[in-house]
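Worksheet: one structure, shown below.
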Amino acid sequence: MTVVTPKFGMGASVLRREDAAFIQGQGRYTDDIQPAGVLHGYVLRSPVAKASFTIGSTEAAKAAPGVHLVLTGKDLAHLGDLRSGVMQQQPDGTKAPTRDIPILCRDRVNYVGDAVAFVVADSRALAQDAVELIDVDYDSEDAASGTATALAEGTPLVWPELGSNRAFSYHIGDKKKTDAAFARAAHVTRIEFVNNRLVCNYMEPRSAIGEWNVEESRFVLTTGSQGVHSMQYILASLFKIKKGQLRVITPDVGGGFGPKSFVYREYPLVLEAAKRLGRPVKRAGDRTEHFLTDAQGRDNVVAAEMALDKDGRFLGMKVDLLANMGAYVSQYGPYIPYIGVTMSTGVYDIQALDVSVTGLYTNTCPVDAYRGAGRPEAAFLLEKLVDACAHDLGLPVEEIRRRNFIRPEQFPYRTQTGRLYDNGEFEGHMDRAIEQSEWKAFPQRLSQSKATGKIRGLGMATYIEACAFPGSEPAFVELNGDGTVTLKIGTQTNGQGHATAYAQFLSEKLNLDIDKIHVRQGDTDELKAGGGTGGSRSIPLGGVSASRAGEDLANKIKRIAADELEASAGDIELSDGVARIVGTDRTIDFSAIAKAARTPDDLKGFGEFVQDECTYPNGTHICEVEIDPDTGATDIVRYTIVDDFGVTVNPILLAGQVHGGVVQGIGQALTEDTIYSEDGQLLTASFMDYAMPRADNFPFFHFETCNVPSTTNALGIKGAGEAGTIGSTPAALNAVTDALWRAYGIRHIDMPATPARIWATIREAARP
């Protein structure tokens, strides 16, 4: 049977409706908005990583030209700190105390960039000039800046009253069972590595506008976010007001990747200042502030062991993970390593697991969720370890994976961490990726590289991730008087193409051109609640709800049309904005139907899908690199992706999401690194020192899907937004390591595998 893809419905490669406006410069971001009478704020930030401080005087700053307000910590005593509520249970049953983020520091600073004061003036430049007039006396102390050394004897304590730089301890698995597995093992492989810290670097730095509506006695916050309702909830709690007394609006957003989910200090600051001054207050961040203060990602130091039998089958796994939290506990910070280690066993049938996680405080910027949020860290650990096992046993890397995959007949499969995988055909997508990458012909390409003085490597990663976590995202649709349809939903586009994808679900149910479907997000006045965007949840949850809302509205339209055309609702079909009696030319258009409705509710549809389990996308990435040993420069010469995303909504949008994720993941593997000096100064605080991946670093990607529909999602969809970062980082580093092993016998190199690091590693190996 031939399956016909609808013009605009699920499965159609509809081009993004949003792009025309963005390409023409018609996007409307927070910093484009200029309310009448707006003032501008600037934050005075600590130049040292650890110190007690006193503010001698703010009078000079207050008297500076154009200055309207100077706030310090003592002025904000009525506000609480920004707190995290996601600390997990420790082995002894307790939850560790948090160290919360003050809106403005009161007497201590704990990292370079910590907020000390806030100045509001007629312009950003005047506010920036004025902060330099604030008299601050810093009594600097030794700082703790390294993850690996945070618990070492003699390392300065970030919070002396805790007696240690340990923030928390978690444990997952069965230690006794795992010890027994190791005791009977024929071989044990051990690795240690650094999962390097990253700066998110979305295209649009964060901005925020605070307003106070005297007549309504409520705040309005406009800011780029990944969901307005969580912002509203946290800030309302901070100000001790009802949610309805704060409206949050998010216009266009230039990238989020996790860090735009969080409430940052500047948001309550612009609100407080606006209320005090009776005028709108804007704070527009710059790239340097982003580097210093926006939540950073990853930053783990890991040791791991795998126990294997004589045939190379995995018996058990041990992991000891150090996770840097930075100076404070950020919004979701303590949850990120926890959720990561729940995916420790990946696509493999590993029956014993013992994982210990230790959270650490250091005098650095707080760490939180960054694209994948713990799952890329887990996949990198496992895929690096699996390759090491293969090398130790002399097995091909594809063969050791094949022997240990969870088999199709084992599904549904409960992992040792409690994850319930619904399905998967891991060997199938690995074999397809091997075929598409021309894996078997690699020796010929290796010979060609040798002939030109280059070295060459081939790396693989087979991954699975948990996303679209249990929950729901209700959708509300309405037929408008002009015959168009509006969808309101509580997720938030950050550039992914929501206006296109959601419109496809409605188009399929209403048989309506997507140009007549409007998607509205980002305003707490329009929706009472919403889960926002994160964890690849928007389309698996919101899309199903949108589909159901479209079906609900379609049925109501048919009933109204049937009354107007004196027919049965079952005889009505919808097509191109009209309702028609099947087999006749008798029609009524949507605008006339809207006028004929007896009540407003007759024109409204509602849908909600409640998902009880995660979706589990998975796939195989194969990366091939060529390296110049004289310079250490790495070229990615081939990249192959075969993924299982269940049912595909829009192939071209999906490819865009995967390509972007792959680039971010390879950026971590080969170029990006966040480096602090021993005294806590950020040394990579600009694009001059922090090496972002560029378009010319990459070949064209081969991407295809080998899909098995999800059984936990009503439409069979598996989340896809973060998957590219999960498969790409281990594939890329495994390729580099493979090249170094083949040429020089080098078994290990830490990320990022920069030219300088590769060159130095080769030179070290060449020493007699």
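FYI, nothing fancy with the structure tokens labels: chains A, B, ... in order, residues from 1 per chain, ligands from 1 as they appear.
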Taking only range 522-652 of chain A into account, list the residues labelled strand (DSSP E or B) by DSSP (computed from the backbone), as a PyMOL selection string.
chain A and resi 523+572-575+578-581+587-589+604-607+610-611+615+618-627+634-644+646
Extract, using only C-alpha atoms, all DNA, RNA and protein residues at most 8 Å from range 642-650 of chain A, discarding same-chain residues fewer than 2 positions from it, and format them as a ChimeraX atom specification.
/A:9-14,424,429-430,432-433,501,617-621,640,652-654,703-710,715-720
Output for the residues just chosen: N, CA and C atoms as an mmCIF file, in the first residue's frame:
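File written: out01.cif
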```cif
data_model
loop_
_atom_site.group_PDB
_atom_site.id
_atom_site.type_symbol
_atom_site.label_atom_id
_atom_site.label_comp_id
_atom_site.auth_asym_id
_atom_site.auth_seq_id
_atom_site.Cartn_x
_atom_site.Cartn_y
_atom_site.Cartn_z
ATOM 1 N N GLY A 9 0.476 18.010 6.697
ATOM 2 C CA GLY A 9 0.306 17.236 7.914
ATOM 3 C C GLY A 9 1.577 16.543 8.370
ATOM 4 N N MET A 10 1.432 15.620 9.310
ATOM 5 C CA MET A 10 2.572 14.884 9.843
ATOM 6 C C MET A 10 3.285 14.138 8.725
ATOM 7 N N GLY A 11 4.604 14.226 8.744
ATOM 8 C CA GLY A 11 5.410 13.552 7.746
ATOM 9 C C GLY A 11 5.823 14.429 6.591
ATOM 10 N N ALA A 12 5.237 15.618 6.477
ATOM 11 C CA ALA A 12 5.558 16.511 5.364
ATOM 12 C C ALA A 12 6.758 17.388 5.710
ATOM 13 N N SER A 13 7.654 17.587 4.742
ATOM 14 C CA SER A 13 8.813 18.469 4.935
ATOM 15 C C SER A 13 8.415 19.906 4.632
ATOM 16 N N VAL A 14 7.647 20.476 5.547
ATOM 17 C CA VAL A 14 7.192 21.860 5.377
ATOM 18 C C VAL A 14 8.313 22.802 5.800
ATOM 19 N N GLY A 424 13.298 -0.727 20.683
ATOM 20 C CA GLY A 424 14.522 -0.299 20.023
ATOM 21 C C GLY A 424 15.086 -1.420 19.168
ATOM 22 N N HIS A 429 20.092 -0.032 13.445
ATOM 23 C CA HIS A 429 20.608 1.271 13.032
ATOM 24 C C HIS A 429 22.133 1.298 13.018
ATOM 25 N N MET A 430 22.779 0.474 13.854
ATOM 26 C CA MET A 430 24.233 0.411 13.780
ATOM 27 C C MET A 430 24.679 -0.169 12.439
ATOM 28 N N ARG A 432 23.062 -0.170 9.636
ATOM 29 C CA ARG A 432 22.775 0.779 8.561
ATOM 30 C C ARG A 432 23.821 1.900 8.534
ATOM 31 N N ALA A 433 24.215 2.382 9.711
ATOM 32 C CA ALA A 433 25.236 3.425 9.765
ATOM 33 C C ALA A 433 26.579 2.904 9.250
ATOM 34 N N ALA A 501 5.687 23.340 13.060
ATOM 35 C CA ALA A 501 5.363 21.975 13.474
ATOM 36 C C ALA A 501 3.971 21.886 14.088
ATOM 37 N N PRO A 617 14.552 8.012 22.339
ATOM 38 C CA PRO A 617 15.211 8.032 21.036
ATOM 39 C C PRO A 617 16.602 7.424 21.141
ATOM 40 N N ASN A 618 17.085 6.882 20.058
ATOM 41 C CA ASN A 618 18.385 6.225 20.066
ATOM 42 C C ASN A 618 18.958 6.238 18.657
ATOM 43 N N GLY A 619 20.207 5.874 18.529
ATOM 44 C CA GLY A 619 20.795 5.899 17.204
ATOM 45 C C GLY A 619 22.278 5.596 17.216
ATOM 46 N N THR A 620 22.854 5.642 16.031
ATOM 47 C CA THR A 620 24.287 5.420 15.850
ATOM 48 C C THR A 620 24.882 6.593 15.087
ATOM 49 N N HIS A 621 25.971 7.128 15.598
ATOM 50 C CA HIS A 621 26.746 8.155 14.912
ATOM 51 C C HIS A 621 28.118 7.575 14.577
ATOM 52 N N THR A 640 28.216 10.264 9.670
ATOM 53 C CA THR A 640 27.021 9.481 9.338
ATOM 54 C C THR A 640 26.144 9.334 10.572
ATOM 55 N N ILE A 652 12.461 17.788 7.480
ATOM 56 C CA ILE A 652 13.465 18.845 7.301
ATOM 57 C C ILE A 652 13.721 19.590 8.612
ATOM 58 N N LEU A 653 12.687 19.783 9.431
ATOM 59 C CA LEU A 653 12.908 20.374 10.757
ATOM 60 C C LEU A 653 13.721 19.424 11.627
ATOM 61 N N LEU A 654 13.437 18.143 11.521
ATOM 62 C CA LEU A 654 14.174 17.146 12.289
ATOM 63 C C LEU A 654 15.648 17.165 11.916
ATOM 64 N N PHE A 703 22.383 11.987 7.097
ATOM 65 C CA PHE A 703 21.408 11.741 8.162
ATOM 66 C C PHE A 703 20.208 10.991 7.607
ATOM 67 N N GLU A 704 19.843 9.921 8.295
ATOM 68 C CA GLU A 704 18.615 9.211 7.964
ATOM 69 C C GLU A 704 18.052 8.605 9.239
ATOM 70 N N THR A 705 16.828 8.143 9.145
ATOM 71 C CA THR A 705 16.189 7.536 10.312
ATOM 72 C C THR A 705 15.884 6.068 10.054
ATOM 73 N N CYS A 706 15.866 5.332 11.139
ATOM 74 C CA CYS A 706 15.501 3.915 11.142
ATOM 75 C C CYS A 706 14.528 3.770 12.305
ATOM 76 N N ASN A 707 13.298 4.199 12.076
ATOM 77 C CA ASN A 707 12.381 4.497 13.174
ATOM 78 C C ASN A 707 11.554 3.297 13.645
ATOM 79 N N VAL A 708 11.415 3.235 14.959
ATOM 80 C CA VAL A 708 10.493 2.309 15.606
ATOM 81 C C VAL A 708 9.546 3.170 16.438
ATOM 82 N N PRO A 709 8.261 3.236 16.094
ATOM 83 C CA PRO A 709 7.355 4.131 16.818
ATOM 84 C C PRO A 709 7.342 3.877 18.323
ATOM 85 N N SER A 710 7.347 4.953 19.080
ATOM 86 C CA SER A 710 7.264 4.852 20.533
ATOM 87 C C SER A 710 5.915 4.285 20.938
ATOM 88 N N LEU A 715 1.185 9.274 19.560
ATOM 89 C CA LEU A 715 1.391 9.317 18.115
ATOM 90 C C LEU A 715 2.684 8.618 17.697
ATOM 91 N N GLY A 716 3.347 7.955 18.639
ATOM 92 C CA GLY A 716 4.558 7.218 18.313
ATOM 93 C C GLY A 716 5.802 8.072 18.204
ATOM 94 N N ILE A 717 5.732 9.340 18.648
ATOM 95 C CA ILE A 717 6.847 10.276 18.490
ATOM 96 C C ILE A 717 7.854 10.079 19.632
ATOM 97 N N LYS A 718 9.133 10.189 19.301
ATOM 98 C CA LYS A 718 10.188 10.248 20.302
ATOM 99 C C LYS A 718 10.860 11.617 20.207
ATOM 100 N N GLY A 719 11.228 12.192 21.335
ATOM 101 C CA GLY A 719 11.858 13.505 21.329
ATOM 102 C C GLY A 719 13.161 13.498 20.548
ATOM 103 N N ALA A 720 13.510 14.673 19.974
ATOM 104 C CA ALA A 720 14.679 14.704 19.097
ATOM 105 C C ALA A 720 15.590 15.907 19.299
#
```
Identify, on the basis of only C-alpha atoms, every residue whose closest approach to Ser217 in chain A does not exceed 10 Å; exclude the query and any residue fewer than 4 positions from it along the same chain; express the result as JSON, numbers by chain.
{"A": [212, 213, 245, 246, 275]}
Output N, CA and C atoms for every residue in that selection, as a compact mmCIF listing (two decimals), in the first residue's frame.
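Writing the result to selection24.txt gives the following:
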```txt
# COMPACT_ATOMS: atom_id res chain seq x y z
N TRP A 212 6.20 48.23 36.03
CA TRP A 212 5.26 48.21 37.14
C TRP A 212 4.00 48.95 36.71
N ASN A 213 2.88 48.23 36.71
CA ASN A 213 1.60 48.81 36.33
C ASN A 213 0.89 49.27 37.60
N GLN A 245 -0.26 38.67 39.85
CA GLN A 245 0.33 40.00 40.00
C GLN A 245 1.64 40.17 39.23
N LEU A 246 1.97 39.16 38.43
CA LEU A 246 3.15 39.23 37.57
C LEU A 246 2.82 38.62 36.22
N LYS A 275 9.48 49.20 39.82
CA LYS A 275 8.47 49.57 40.82
C LYS A 275 8.93 50.79 41.61
```
Separation of CA of Tyr676 in chain A from CA of Asn363 in chain A, in Å and rounded to one decimal
9.5 Å
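Going from CA of Ala369 in chain A over to CA of Ser225 in chain A, you cover 13.9 Å.
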Polymer residues at most 9 Å from Gln226 in chain A, only C-alpha atoms, same-chain spacing of 3 or more positions, as a PyMOL selection string:
chain A and resi 230+250+253+256-262+491-494+522+532-534
Selected residues, all heavy atoms, written as a short mmCIF file (atom, residue, chain, number, x, y, z; two decimals), in the first residue's frame, please.
```
data_model
loop_
_atom_site.label_atom_id
_atom_site.label_comp_id
_atom_site.auth_asym_id
_atom_site.auth_seq_id
_atom_site.Cartn_x
_atom_site.Cartn_y
_atom_site.Cartn_z
N SER A 230 7.11 29.06 34.36
CA SER A 230 8.06 28.78 35.44
C SER A 230 8.69 30.07 35.94
O SER A 230 8.92 30.24 37.14
CB SER A 230 9.13 27.80 34.96
OG SER A 230 9.90 28.36 33.91
N THR A 250 7.40 36.55 26.65
CA THR A 250 8.61 36.20 25.90
C THR A 250 8.35 36.42 24.43
O THR A 250 7.49 35.75 23.85
CB THR A 250 9.02 34.74 26.17
OG1 THR A 250 9.52 34.63 27.50
CG2 THR A 250 10.11 34.29 25.21
N VAL A 253 13.06 34.47 20.53
CA VAL A 253 14.20 34.07 21.36
C VAL A 253 15.31 33.54 20.44
O VAL A 253 15.07 32.66 19.62
CB VAL A 253 13.80 32.97 22.37
CG1 VAL A 253 14.99 32.60 23.25
CG2 VAL A 253 12.63 33.43 23.22
N GLY A 256 18.23 28.93 23.16
CA GLY A 256 18.07 28.72 24.60
C GLY A 256 18.98 27.62 25.12
O GLY A 256 19.78 27.84 26.02
N PHE A 257 18.81 26.39 24.61
CA PHE A 257 19.67 25.24 24.92
C PHE A 257 19.72 24.89 26.41
O PHE A 257 20.68 24.28 26.87
CB PHE A 257 21.10 25.48 24.40
CG PHE A 257 21.15 25.90 22.97
CD1 PHE A 257 21.70 27.12 22.60
CD2 PHE A 257 20.63 25.09 21.97
CE1 PHE A 257 21.74 27.52 21.27
CE2 PHE A 257 20.67 25.48 20.64
CZ PHE A 257 21.22 26.69 20.29
N GLY A 258 18.72 25.28 27.19
CA GLY A 258 18.71 24.99 28.62
C GLY A 258 18.91 26.22 29.47
O GLY A 258 18.06 26.54 30.32
N PRO A 259 20.02 26.96 29.31
CA PRO A 259 20.29 28.09 30.21
C PRO A 259 19.27 29.22 30.17
O PRO A 259 19.24 30.02 31.10
CB PRO A 259 21.68 28.55 29.76
CG PRO A 259 22.35 27.32 29.29
CD PRO A 259 21.26 26.56 28.59
N LYS A 260 18.44 29.33 29.14
CA LYS A 260 17.41 30.37 29.18
C LYS A 260 16.15 29.90 29.91
O LYS A 260 15.16 30.60 29.94
CB LYS A 260 17.08 30.87 27.77
CG LYS A 260 18.07 31.93 27.29
CD LYS A 260 17.62 32.64 26.04
CE LYS A 260 18.72 33.61 25.57
NZ LYS A 260 18.64 33.94 24.16
N SER A 261 16.22 28.71 30.51
CA SER A 261 15.11 28.24 31.36
C SER A 261 15.11 28.92 32.72
O SER A 261 14.08 28.95 33.40
CB SER A 261 15.22 26.72 31.59
OG SER A 261 15.17 26.01 30.40
N PHE A 262 16.26 29.42 33.12
CA PHE A 262 16.46 29.77 34.52
C PHE A 262 16.11 31.23 34.81
O PHE A 262 16.22 32.10 33.96
CB PHE A 262 17.91 29.51 34.93
CG PHE A 262 18.46 28.21 34.40
CD1 PHE A 262 19.69 28.15 33.78
CD2 PHE A 262 17.70 27.05 34.48
CE1 PHE A 262 20.18 26.97 33.26
CE2 PHE A 262 18.17 25.86 33.97
CZ PHE A 262 19.41 25.81 33.35
N THR A 491 4.44 25.82 25.63
CA THR A 491 5.86 25.64 25.35
C THR A 491 6.41 26.95 24.82
O THR A 491 5.69 27.94 24.73
CB THR A 491 6.07 24.51 24.33
OG1 THR A 491 5.31 24.81 23.15
CG2 THR A 491 5.62 23.17 24.89
N GLN A 492 7.68 26.97 24.45
CA GLN A 492 8.27 28.23 23.99
C GLN A 492 9.30 27.96 22.92
O GLN A 492 10.31 27.29 23.17
CB GLN A 492 8.93 28.98 25.14
CG GLN A 492 9.55 30.30 24.74
CD GLN A 492 8.51 31.27 24.19
OE1 GLN A 492 7.52 31.57 24.85
NE2 GLN A 492 8.74 31.76 22.99
N THR A 493 9.06 28.47 21.72
CA THR A 493 10.06 28.29 20.67
C THR A 493 11.30 29.12 20.97
O THR A 493 11.23 30.25 21.42
CB THR A 493 9.49 28.68 19.30
OG1 THR A 493 10.50 28.43 18.31
CG2 THR A 493 9.08 30.14 19.24
N ASN A 494 12.47 28.51 20.73
CA ASN A 494 13.75 29.19 20.82
C ASN A 494 14.47 29.14 19.49
O ASN A 494 15.68 29.30 19.41
CB ASN A 494 14.64 28.55 21.89
CG ASN A 494 14.14 28.75 23.30
OD1 ASN A 494 14.69 28.18 24.22
ND2 ASN A 494 13.09 29.52 23.49
N GLY A 522 4.23 32.26 24.99
CA GLY A 522 5.03 33.27 25.65
C GLY A 522 4.31 34.42 26.29
O GLY A 522 4.82 35.54 26.29
N GLY A 532 6.60 24.87 29.38
CA GLY A 532 7.79 25.41 28.74
C GLY A 532 8.49 24.40 27.86
O GLY A 532 8.00 23.29 27.61
N THR A 533 9.67 24.79 27.38
CA THR A 533 10.44 23.97 26.46
C THR A 533 11.71 23.50 27.14
O THR A 533 12.48 24.29 27.67
CB THR A 533 10.79 24.77 25.19
OG1 THR A 533 9.60 24.99 24.45
CG2 THR A 533 11.78 24.02 24.32
N GLY A 534 11.93 22.20 27.11
CA GLY A 534 13.11 21.59 27.71
C GLY A 534 12.93 20.09 27.72
O GLY A 534 11.79 19.59 27.73
#
```
